[in-house]
Amino acid sequence: MKLERKHAVVLLAVATWNVLTYARFTKALVDTQEDRPTGYYVAHSVLIVVNLIIAVVLGRWGWRAYRDTAK
């Protein structure tokens, strides 16, 4: 499948959005003063890691597509 520049921009935008929102979510999770069960932190930490991995994958695809369409 050949991606166009507009697809690359969307992939890069989604990757950026994931990083920014989950960075903020991580900060809120760390800064909380509430007493929550360990499972809460484990589950949310897994969500953060998975979404950051997704951001890296989408970012790489987007960057490759963007670079390839510049030729």
# chains A, B, ... in the order shown; residues from 1 in each chain; ligands from 1

$ residues_around --residues "Trp61 of chain A" --least-positions-apart "4" --cutoff "10 Å" --atoms "only C-alpha atoms" --output "list in words"
Leu3, His7, Ala8, Leu11, Leu12, Ala15, Ala55, Val56, Val57, Ala65, Tyr66 and Arg67 of chain A

$ closest_residue --among "A:Met1, A:Val10, A:Ala70, A:Leu20" --to "Asn51 of chain A" --atoms "only C-alpha atoms"
A:Leu20

$ atom_distance --atom1 "atom CA of Arg5 of chain A" --atom2 "atom CA of Val19 of chain A"
21.2 Å

$ closest_residue --among "A:Val9, A:Asn18, A:Tyr41, A:Glu4" --to "Gly62 of chain A" --atoms "only C-alpha atoms"
A:Val9

$ atom_distance --atom1 "atom CA of Trp17 of chain A" --atom2 "atom CA of Gly39 of chain A"
26.2 Å

$ select_by_dssp --residues "chain A" --states "helix (DSSP H, G or I)" --output "number ranges by chain"
A: 5-31, 38-69

$ atom_distance --atom1 "atom CA of Ala13 of chain A" --atom2 "atom CA of Leu58 of chain A"
9.2 Å
